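A.B. asks: Contents are compact mmCIF, C-alpha atoms and all ligand atoms; file name my_file.txt:
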```txt
# COMPACT_ATOMS: atom_id res chain seq x y z
CA MET A 194 -14.33 42.63 107.83
CA SER A 195 -13.11 39.13 107.30
CA VAL A 196 -11.36 37.39 110.19
CA ILE A 197 -13.88 38.46 112.86
CA LEU A 198 -16.68 36.74 110.94
CA GLN A 199 -14.81 33.50 110.41
CA PRO A 200 -15.68 30.39 112.42
CA ILE A 201 -13.46 29.26 115.28
CA THR A 202 -13.52 26.24 117.58
CA ILE A 203 -13.04 26.40 121.35
CA GLY A 204 -10.75 23.71 122.74
CA GLY A 205 -11.25 21.60 119.63
CA LYS A 206 -14.80 20.92 120.80
CA LEU A 207 -17.17 23.86 120.51
CA ALA A 208 -17.57 25.37 117.06
CA LEU A 209 -18.59 29.04 116.85
CA LYS A 210 -19.82 30.57 113.63
CA ASN A 211 -17.83 33.77 114.19
CA ARG A 212 -15.56 35.46 116.71
CA ILE A 213 -17.97 38.02 118.09
CA VAL A 214 -19.12 37.24 121.63
CA MET A 215 -21.90 39.08 123.41
CA GLY A 216 -20.57 40.02 126.86
CA SER A 217 -22.38 39.43 130.10
CA MET A 218 -24.72 42.24 131.12
CA THR A 219 -26.87 42.45 134.22
CA ARG A 220 -30.10 44.08 133.09
CA ASN A 221 -32.09 43.66 136.29
CA ARG A 222 -35.21 42.42 134.50
CA CYS A 223 -35.80 38.89 135.85
CA VAL A 224 -39.07 39.88 137.49
CA ASP A 225 -40.50 36.34 137.64
CA ASP A 226 -39.09 35.27 140.98
CA LEU A 227 -35.46 35.81 139.86
CA LYS A 228 -35.91 33.58 136.81
CA PRO A 229 -35.59 34.54 133.15
CA GLY A 230 -38.93 34.77 131.34
CA ASP A 231 -40.27 35.61 127.89
CA ALA A 232 -38.36 38.90 127.80
CA GLN A 233 -35.02 37.12 128.26
CA VAL A 234 -35.92 34.38 125.75
CA ARG A 235 -36.58 37.10 123.21
CA HIS A 236 -33.58 39.23 124.10
CA TYR A 237 -30.93 36.53 123.83
CA GLY A 238 -32.83 34.75 121.04
CA ASP A 239 -32.87 37.91 118.90
CA ARG A 240 -29.14 38.44 119.25
CA ALA A 241 -28.57 34.81 118.26
CA ARG A 242 -30.98 35.16 115.32
CA HIS A 243 -28.88 38.02 114.02
CA GLY A 244 -25.77 35.90 113.97
CA THR A 245 -23.90 36.25 117.29
CA GLY A 246 -21.46 33.34 117.61
CA LEU A 247 -21.41 33.01 121.40
CA LEU A 248 -23.57 34.74 124.01
CA VAL A 249 -22.70 34.99 127.69
CA SER A 250 -25.64 35.29 130.06
CA GLU A 251 -25.96 38.16 132.47
CA GLY A 252 -24.28 37.43 135.80
CA VAL A 253 -26.33 34.72 137.53
CA PHE A 254 -26.06 34.35 141.30
CA ILE A 255 -25.13 30.89 142.49
CA ASP A 256 -26.78 31.47 145.87
CA TRP A 257 -29.32 33.76 147.54
CA THR A 258 -26.71 36.45 147.86
CA GLY A 259 -27.95 39.08 145.48
CA SER A 260 -26.52 42.45 144.81
CA GLU A 261 -27.60 46.03 144.34
CA PHE A 262 -29.82 44.75 141.52
CA PRO A 263 -32.98 43.20 142.99
CA ASN A 264 -34.05 41.58 139.69
CA ALA A 265 -30.75 39.94 138.79
CA PRO A 266 -31.28 36.17 138.38
CA VAL A 267 -30.19 33.18 140.46
CA ILE A 268 -29.56 29.52 139.60
CA ILE A 269 -30.12 27.53 142.75
CA ASN A 270 -32.73 24.89 141.98
CA GLU A 271 -34.26 22.96 139.09
CA GLU A 272 -36.99 25.51 138.58
CA HIS A 273 -34.32 28.10 137.76
CA ALA A 274 -32.58 25.65 135.42
CA GLN A 275 -35.87 24.96 133.62
CA ALA A 276 -36.41 28.67 133.06
CA TRP A 277 -32.89 29.10 131.66
CA ARG A 278 -33.41 26.04 129.42
CA LYS A 279 -35.92 28.07 127.39
CA VAL A 280 -33.38 30.85 126.84
CA VAL A 281 -30.67 28.38 125.83
CA HIS A 282 -33.10 26.64 123.48
CA ALA A 283 -33.89 29.94 121.73
CA VAL A 284 -30.16 30.56 121.24
CA HIS A 285 -29.36 27.02 120.09
CA SER A 286 -32.22 27.01 117.60
CA GLN A 287 -30.36 29.82 115.79
CA GLY A 288 -27.10 27.88 115.66
CA SER A 289 -25.39 30.00 118.33
CA LYS A 290 -23.78 28.92 121.61
CA MET A 291 -24.41 30.20 125.12
CA TYR A 292 -22.45 30.24 128.39
CA LEU A 293 -23.83 30.91 131.83
CA GLN A 294 -21.87 33.45 133.86
CA THR A 295 -21.51 32.45 137.50
CA TRP A 296 -21.66 35.40 139.86
CA HIS A 297 -21.17 35.51 143.59
CA ALA A 298 -21.49 39.00 144.96
CA VAL A 299 -21.07 38.02 148.54
CA GLY A 300 -17.84 39.03 149.82
CA ARG A 301 -17.77 42.50 150.97
CA LEU A 302 -20.05 43.92 148.27
CA GLN A 303 -23.29 43.19 150.04
CA HIS A 304 -25.53 44.33 152.83
CA GLU A 305 -27.25 42.14 155.41
CA TYR A 306 -30.37 44.35 155.13
CA ASP A 307 -30.81 43.29 151.50
CA THR A 308 -34.17 41.51 151.15
CA ARG A 309 -32.69 38.27 149.85
CA MET A 310 -30.03 38.16 152.53
CA LYS A 311 -32.58 38.85 155.24
CA SER A 312 -35.11 36.32 154.03
CA THR A 313 -32.56 33.52 153.62
CA ASN A 314 -30.51 34.44 156.65
CA ILE A 315 -27.25 34.11 154.75
CA PRO A 316 -24.42 36.10 156.36
CA VAL A 317 -22.25 38.43 154.30
CA LEU A 318 -19.28 36.15 153.68
CA ALA A 319 -15.82 37.39 152.71
CA PRO A 320 -12.29 35.99 152.42
CA SER A 321 -11.17 38.31 155.26
CA ASP A 322 -12.75 40.85 157.57
CA ILE A 323 -11.90 43.87 155.42
CA PRO A 324 -15.03 45.88 154.61
CA ALA A 325 -15.42 47.55 151.23
CA THR A 326 -15.88 51.26 151.02
CA GLY A 327 -18.45 52.77 148.68
CA GLY A 328 -21.44 51.03 147.16
CA LYS A 329 -24.87 52.54 147.34
CA TYR A 330 -27.53 49.93 147.91
CA ARG A 331 -29.98 52.28 146.28
CA HIS A 332 -32.94 50.03 147.11
CA LEU A 333 -32.27 50.17 150.87
CA PRO A 334 -33.38 53.11 153.00
CA GLY A 335 -30.60 55.64 153.39
CA ASN A 336 -28.40 54.08 150.67
CA PRO A 337 -26.17 52.48 153.31
CA GLY A 338 -23.35 51.26 151.01
CA HIS A 339 -21.59 47.96 151.57
CA THR A 340 -21.81 46.44 155.01
CA ASP A 341 -19.04 46.40 157.59
CA LYS A 342 -20.43 43.24 159.24
CA LEU A 343 -18.52 40.50 157.48
CA THR A 344 -18.34 36.80 158.26
CA VAL A 345 -15.01 35.34 157.22
CA ILE A 346 -15.42 32.21 155.10
CA GLU A 347 -14.22 29.37 157.28
CA ASN A 348 -13.77 26.76 154.57
CA PRO A 349 -13.70 28.02 150.97
CA ARG A 350 -14.50 24.51 149.74
CA THR A 351 -18.09 24.98 150.96
CA VAL A 352 -18.47 27.99 148.64
CA ILE A 353 -16.84 26.06 145.80
CA GLU A 354 -19.43 23.31 146.34
CA THR A 355 -22.19 25.92 146.06
CA TYR A 356 -20.68 26.87 142.71
CA ARG A 357 -20.77 23.19 141.74
CA ARG A 358 -24.52 23.11 142.35
CA ALA A 359 -24.99 26.07 139.98
CA ILE A 360 -22.67 24.61 137.35
CA LEU A 361 -24.52 21.28 137.43
CA LEU A 362 -27.80 23.15 136.98
CA ALA A 363 -26.32 25.18 134.12
CA LYS A 364 -25.32 21.96 132.38
CA GLN A 365 -28.82 20.62 132.96
CA ALA A 366 -30.22 23.79 131.38
CA GLY A 367 -28.14 23.12 128.26
CA PHE A 368 -25.52 25.89 128.54
CA ASP A 369 -22.50 25.08 126.38
CA GLY A 370 -20.05 26.25 129.01
CA ILE A 371 -19.45 28.50 131.99
CA GLU A 372 -17.90 31.93 132.24
CA ILE A 373 -16.48 32.42 135.73
CA LEU A 374 -16.68 36.07 136.72
CA ALA A 375 -13.37 36.83 138.43
CA GLN A 376 -13.27 40.62 138.16
CA GLY A 377 -15.24 43.63 139.36
CA GLY A 378 -14.17 43.26 142.99
CA TYR A 379 -16.64 40.40 143.58
CA LEU A 380 -15.88 37.32 145.62
CA VAL A 381 -13.48 35.50 143.28
CA HIS A 382 -11.59 38.72 142.66
CA GLN A 383 -11.42 39.36 146.41
CA PHE A 384 -9.52 36.09 146.87
CA LEU A 385 -6.97 37.19 144.23
CA SER A 386 -6.09 40.50 145.93
CA SER A 387 -3.55 40.75 148.74
CA ARG A 388 -5.22 43.94 149.95
CA ILE A 389 -8.57 42.19 150.44
CA ASN A 390 -7.44 38.64 151.17
CA HIS A 391 -5.46 38.38 154.42
CA ARG A 392 -6.08 34.69 154.97
CA THR A 393 -3.37 32.58 156.53
CA ASP A 394 -4.63 29.23 155.20
CA ALA A 395 -4.08 27.64 151.77
CA TYR A 396 -6.28 30.31 150.13
CA GLY A 397 -4.33 33.40 151.18
CA GLY A 398 -0.80 34.81 151.33
CA SER A 399 1.29 33.66 148.38
CA VAL A 400 0.27 34.21 144.78
CA GLU A 401 -0.38 30.48 144.45
CA ASN A 402 -2.67 30.50 147.46
CA ARG A 403 -4.63 33.57 146.38
CA CYS A 404 -5.26 32.00 142.97
CA ARG A 405 -6.33 28.66 144.45
CA PHE A 406 -10.02 29.52 144.88
CA LEU A 407 -10.42 30.44 141.21
CA LEU A 408 -8.37 27.51 139.95
CA GLU A 409 -10.46 25.12 142.02
CA LEU A 410 -13.59 26.62 140.44
CA VAL A 411 -12.12 25.90 137.01
CA ASP A 412 -11.57 22.31 138.14
CA VAL A 413 -15.25 22.07 139.08
CA VAL A 414 -16.30 23.25 135.60
CA ALA A 415 -13.93 20.63 134.14
CA GLU A 416 -15.40 17.91 136.35
CA VAL A 417 -19.01 18.78 135.60
CA TYR A 418 -18.63 19.45 131.87
CA GLY A 419 -15.97 16.81 131.16
CA GLY A 420 -13.15 19.19 130.35
CA ALA A 421 -11.72 22.61 131.19
CA GLU A 422 -12.27 23.70 127.58
CA TYR A 423 -15.86 24.42 128.62
CA ALA A 424 -14.61 27.09 131.04
CA CYS A 425 -14.08 30.73 130.22
CA VAL A 426 -12.46 32.85 132.93
CA LYS A 427 -13.14 36.59 132.85
CA ILE A 428 -10.40 38.59 134.53
CA CYS A 429 -9.56 42.26 134.69
CA PRO A 430 -5.99 42.57 136.01
CA ALA A 431 -5.99 46.39 136.09
CA ASP A 432 -9.53 46.70 137.45
CA ILE A 433 -10.39 49.49 139.83
CA CYS A 434 -14.06 48.61 140.37
CA ASN A 435 -15.37 48.13 143.89
CA GLY A 436 -12.05 48.65 145.63
CA SER A 437 -10.25 46.01 143.57
CA ILE A 438 -7.29 48.13 142.46
CA THR A 439 -3.87 46.58 142.88
CA THR A 440 -0.27 47.68 142.35
CA TYR A 441 1.41 46.96 139.05
CA LYS A 442 3.90 44.68 140.82
CA GLU A 443 1.13 42.56 142.31
CA LEU A 444 -0.84 42.64 139.05
CA LYS A 445 2.13 41.21 137.12
CA GLU A 446 2.98 38.56 139.70
CA THR A 447 -0.57 37.40 140.33
CA TYR A 448 -1.93 37.41 136.81
CA SER A 449 1.19 36.00 135.13
CA TYR A 450 0.92 33.00 137.43
CA LEU A 451 -2.87 32.79 137.12
CA VAL A 452 -3.00 32.97 133.33
CA THR A 453 -0.17 30.42 133.02
CA GLU A 454 -2.09 28.04 135.31
CA LEU A 455 -5.33 28.57 133.40
CA VAL A 456 -3.62 27.66 130.13
CA LYS A 457 -1.91 24.68 131.81
CA ARG A 458 -5.37 23.48 132.77
CA ARG A 459 -6.41 23.96 129.12
CA VAL A 460 -9.31 26.32 129.80
CA GLY A 461 -11.25 27.06 126.63
CA ILE A 462 -11.11 30.85 126.87
CA VAL A 463 -9.20 33.39 128.92
CA CYS A 464 -11.17 36.64 128.70
CA ILE A 465 -9.05 39.66 129.60
CA SER A 466 -10.68 43.02 130.16
CA ARG A 467 -8.57 46.16 129.80
CA ARG A 468 -10.80 48.20 132.15
CA GLY A 469 -8.64 50.26 134.48
CA SER A 470 -5.94 50.69 131.87
CA VAL A 471 -8.32 52.48 129.52
CA PHE A 472 -11.08 54.69 130.86
CA ASP A 473 -14.48 55.68 129.60
CA ASP A 474 -17.25 57.81 131.05
CA ASP A 475 -19.88 55.09 131.31
CA PHE A 476 -18.07 53.48 134.19
CA ALA A 477 -17.53 56.66 136.19
CA ASP A 478 -20.32 55.66 138.59
CA THR A 479 -18.71 52.40 139.68
CA MET A 480 -15.10 53.35 139.16
CA GLY A 481 -14.93 56.80 140.65
CA ALA A 482 -12.70 59.42 139.07
CA PRO A 483 -10.88 58.34 135.94
CA GLY A 484 -7.24 57.53 136.35
CA ARG A 485 -5.29 55.56 138.95
CA PRO A 486 -3.76 56.92 142.15
CA GLU A 487 0.02 57.27 142.00
CA GLU A 488 0.84 54.13 144.03
CA PHE A 489 -1.20 52.04 141.61
CA ALA A 490 0.16 53.61 138.41
CA LEU A 491 0.73 51.41 135.39
CA PRO A 492 3.61 51.78 132.94
CA PRO A 493 2.58 54.28 130.24
CA GLY A 494 0.43 52.61 127.60
CA TYR A 495 0.23 49.34 129.55
CA ASP A 496 -2.31 46.98 127.99
CA PRO A 497 -3.06 43.82 130.00
CA VAL A 498 -4.75 42.19 127.01
CA LEU A 499 -1.58 42.29 124.92
CA ASP A 500 0.84 41.76 127.82
CA LEU A 501 -0.82 38.87 129.65
CA GLY A 502 -2.54 37.75 126.46
CA SER A 503 0.85 36.66 125.13
CA LEU A 504 0.76 33.88 127.76
CA VAL A 505 -2.45 32.60 126.15
CA LYS A 506 -1.85 33.34 122.48
CA TYR A 507 1.08 31.35 121.10
CA PRO A 508 1.33 28.60 118.49
CA GLY A 509 -0.17 25.39 119.84
CA SER A 510 -1.89 27.03 122.82
CA PRO A 511 -4.90 25.02 124.03
CA SER A 512 -6.74 28.20 125.05
CA LEU A 513 -8.28 31.07 123.14
CA LEU A 514 -7.71 34.71 124.08
CA MET A 515 -10.80 36.90 124.26
CA ALA A 516 -10.36 40.67 124.57
CA ASN A 517 -12.88 42.84 126.38
CA HIS A 518 -13.63 46.45 127.22
CA ALA A 519 -14.33 49.23 124.76
CA TYR A 520 -13.33 47.36 121.62
CA THR A 521 -14.92 48.28 118.32
CA PRO A 522 -15.32 45.53 115.74
CA VAL A 523 -12.74 47.39 113.62
CA GLU A 524 -10.10 47.35 116.37
CA ALA A 525 -10.86 43.70 117.14
CA GLU A 526 -10.54 42.77 113.48
CA ARG A 527 -7.15 44.51 113.32
CA LEU A 528 -5.89 42.62 116.39
CA MET A 529 -7.19 39.34 114.96
CA THR A 530 -5.43 40.02 111.67
CA LEU A 531 -2.21 40.61 113.63
CA ASP A 532 -2.90 37.31 115.45
CA LYS A 533 -2.99 39.08 118.83
CA ILE A 534 -6.47 37.92 119.93
CA ASP A 535 -8.87 35.13 118.96
CA LEU A 536 -12.24 36.46 120.08
CA VAL A 537 -13.72 39.80 121.07
CA GLN A 538 -16.30 40.19 123.81
CA ILE A 539 -18.52 43.18 123.09
CA ALA A 540 -21.11 44.16 125.67
CA ARG A 541 -22.70 47.65 125.68
CA PRO A 542 -23.29 47.96 121.91
CA PHE A 543 -25.32 44.73 122.02
CA MET A 544 -27.91 46.47 124.18
CA PHE A 545 -29.04 48.70 121.32
CA ASN A 546 -27.80 46.66 118.34
CA PRO A 547 -29.54 43.29 118.38
CA ASP A 548 -28.21 42.86 114.82
CA LEU A 549 -24.65 43.87 115.67
CA VAL A 550 -23.13 41.01 113.69
CA VAL A 551 -25.23 41.78 110.61
CA ARG A 552 -24.17 45.43 110.81
CA VAL A 553 -20.52 44.39 111.01
CA ARG A 554 -21.02 42.06 108.03
CA ASP A 555 -22.77 44.69 105.93
CA GLY A 556 -20.64 47.67 106.99
CA ILE A 557 -23.59 49.44 108.64
CA PRO A 558 -22.58 51.78 111.52
CA LEU A 559 -23.57 50.63 115.00
CA ALA A 560 -26.49 52.45 116.64
CA GLU A 561 -25.76 54.58 119.71
CA ASN A 562 -27.86 54.74 122.86
CA ASP A 563 -30.06 57.83 122.58
CA ARG A 564 -32.36 56.96 125.49
CA GLY A 565 -30.28 57.58 128.60
CA SER A 566 -28.86 55.45 131.39
CA MET A 567 -32.12 53.77 132.49
CA VAL A 568 -31.61 51.53 129.48
CA GLU A 569 -29.14 49.54 131.54
CA TYR A 570 -30.86 48.49 134.76
CA GLY A 571 -34.19 50.33 134.59
CA PRO A 572 -36.52 51.58 135.91
CA PHE A 573 -38.92 50.13 133.35
CA LYS A 574 -42.69 49.65 133.08
CA CYS A 575 -42.29 46.17 131.65
CA PRO A 576 -39.07 44.18 131.19
CA ASP A 577 -39.21 44.56 127.38
CA GLU A 578 -38.84 48.33 127.66
CA ASN A 579 -35.40 49.45 126.45
CA TYR A 580 -34.57 45.75 126.21
CA ASN A 581 -36.49 44.25 123.32
CA ASP A 582 -37.56 47.38 121.50
CA TRP A 583 -34.41 48.37 119.58
CA PRO A 584 -34.77 48.48 115.80
CA VAL A 585 -32.55 46.45 113.51
CA ALA A 586 -30.87 48.18 110.57
CA ALA A 587 -32.80 46.24 107.94
CA ALA A 588 -36.07 47.51 109.39
CA MET A 589 -35.00 51.16 109.61
C1 LIG B 1 -25.40 47.36 132.11
C2 LIG B 1 -24.17 46.56 132.29
C3 LIG B 1 -24.20 45.41 133.03
C4 LIG B 1 -23.07 44.61 133.16
N1 LIG B 1 -23.15 43.44 133.86
C5 LIG B 1 -22.09 42.61 133.88
C6 LIG B 1 -22.21 41.32 134.45
O1 LIG B 1 -23.26 40.88 134.95
N2 LIG B 1 -21.10 40.53 134.42
C7 LIG B 1 -19.91 40.95 133.86
O2 LIG B 1 -18.95 40.22 133.84
N3 LIG B 1 -19.79 42.17 133.34
C8 LIG B 1 -20.85 42.98 133.30
N4 LIG B 1 -20.75 44.19 132.66
C9 LIG B 1 -19.47 44.53 131.99
C10 LIG B 1 -19.51 44.04 130.53
O3 LIG B 1 -19.62 42.65 130.42
C11 LIG B 1 -18.24 44.43 129.79
O4 LIG B 1 -17.14 43.80 130.41
C12 LIG B 1 -18.04 45.94 129.76
O5 LIG B 1 -19.25 46.61 129.43
C13 LIG B 1 -16.96 46.34 128.75
O6 LIG B 1 -17.28 45.87 127.46
P1 LIG B 1 -17.90 46.88 126.37
O7 LIG B 1 -16.96 48.04 126.31
O8 LIG B 1 -17.92 46.10 125.08
O9 LIG B 1 -19.23 47.28 126.86
C14 LIG B 1 -21.86 45.02 132.55
C15 LIG B 1 -21.82 46.20 131.81
C16 LIG B 1 -22.94 46.97 131.67
C17 LIG B 1 -22.88 48.21 130.85
```
Can you give me the file's structure in the form of structure tokens?
C.D. replies:
Amino acid sequence: MSVILQPITIGGKLALKNRIVMGSMTRNRCVDDLKPGDAQVRHYGDRARHGTGLLVSEGVFIDWTGSEFPNAPVIINEEHAQAWRKVVHAVHSQGSKMYLQTWHAVGRLQHEYDTRMKSTNIPVLAPSDIPATGGKYRHLPGNPGHTDKLTVIENPRTVIETYRRAILLAKQAGFDGIEILAQGGYLVHQFLSSRINHRTDAYGGSVENRCRFLLELVDVVAEVYGGAEYACVKICPADICNGSITTYKELKETYSYLVTELVKRRVGIVCISRRGSVFDDDFADTMGAPGRPEEFALPPGYDPVLDLGSLVKYPGSPSLLMANHAYTPVEAERLMTLDKIDLVQIARPFMFNPDLVVRVRDGIPLAENDRGSMVEYGPFKCPDENYNDWPVAAAM
């Protein structure tokens, strides 16, 4: 491996020691009042110690909205920022960089009976009154699924201002930048989709209007951080998670415009996931049966990373292209050598390979998960279990 381990600079400002990025993973272990604690300091710190160039935090809720994961963290006040500061410090002390991922699960993927929603009295907000099907809400009696009682967001600017609060706190905590989660069928993604967004104001209807919410979030990152190069936008044009599937025609129209606008704004990184165009068993639970229904079919072999990525990756582009979903370091290296991508975001293998970068450097095969699916979100007896107890190759 050579290119993947070479340094690269984001937006001419943020130097990374290599091109391997640890992807955002909700691990449902923030048991100290929705704040990261020692377990998270160790988890992210270990992956930085073993050479990861850039780490993206697990999805962090910008408000008391929560999700199906009761121990996923929030960043709402200074106490939360202080707790994250310790994680960022552990990463920085190893010469790595870290982004906070902003997550807003409201929108249709929520239930008003959720403890956080009940205790804070926040309604289930959505771009339009179009309930989501599916969802389990495993921690609620009867596994009720997503709610059908939605409150349509009157003024999207109020939600954008809530994001601003989180982004300001992230800066205060020392995060080097922000990854905006705009896939997975969550709120930002809901605005992008004509099936889910039926608004008649400036945030719905045309492609430009549906992209407005996300582009205004990028502007907030630019305002808070002093430049859009500190923003990474994670999109998944072919996604089928949480009812987010869209036709190929809409995918092309929406994401061609969106990616062009992101690059015009000089965002640091456009992260494109190829989920929904390639399939793997791990996502069967959230995605349903593999494959896409006929009306949502893609052209054979369609790869959104290479197709839409060409709008990001050209000589003189201000933005870097990061590829995500089921990439091996070998495939990523090949695409980097061909000058098709700049960075690779690897997620699942980082769970059980804290020394992933060292293994890539030394040609040591990556470890597989041999402990089952509770590794991901639990249950666990203590947060370190299946989180901070994976051996590194050197110690094996
Ligand atoms: C346990 C788990 C939790 C995840 N949580 C998040 C999350 O909070 N935010 C996000 O953007 N993606 C999340 N993802 C998706 C990953 O970031 C990544 O996009 C996906 O796993 C594909 O990359 P990979 O094939 O390298 O794992 C999660 C994936 C897993 C397995």
A.B. asks: Residues within 9 Å of ligand LIG 1 (chain B) should be enumerated using all atoms listed in the file and returned as a PyMOL selection string.
C.D. replies: chain A and resi 215-221+249-253+265+294-296+372-377+427-429+466-468+473+475-476+517-521+537-544+566+568-570
A.B. asks: With all atoms listed in the file as the basis for distance, which of A:Pro547, A:Asp432, A:Pro316, A:Met567 is at the shortest distance from Asp582 (chain A)?
C.D. replies: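 Among the listed residues, A:Pro547 lies closest to Asp582 (chain A).
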A.B. asks: Quote the spacing between CA of Leu410 (chain A) and CA of Ile438 (chain A) in Å to one decimal place.
C.D. replies: 22.5 Å
A.B. asks: Determine the nearest neighbour of Asn264 (chain A) from the options A:Ala325, A:Val224, A:Val551, A:Ala276, counting only C-alpha atoms.
C.D. replies: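 For Asn264 (chain A), the nearest of the given residues is A:Val224.
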A.B. asks: For Leu248 (chain A), which of A:Gly370, A:Gly378, A:Gly436, A:Gly484 is the closest residue, counting all atoms listed in the file?
C.D. replies: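 Once distances to Leu248 (chain A) are computed over all atoms listed in the file, the minimum belongs to A:Gly370.
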A.B. asks: Record the distance separating CA of Ala421 (chain A) and CA of Arg459 (chain A), expressed in Å with one decimal.
C.D. replies: 5.9 Å
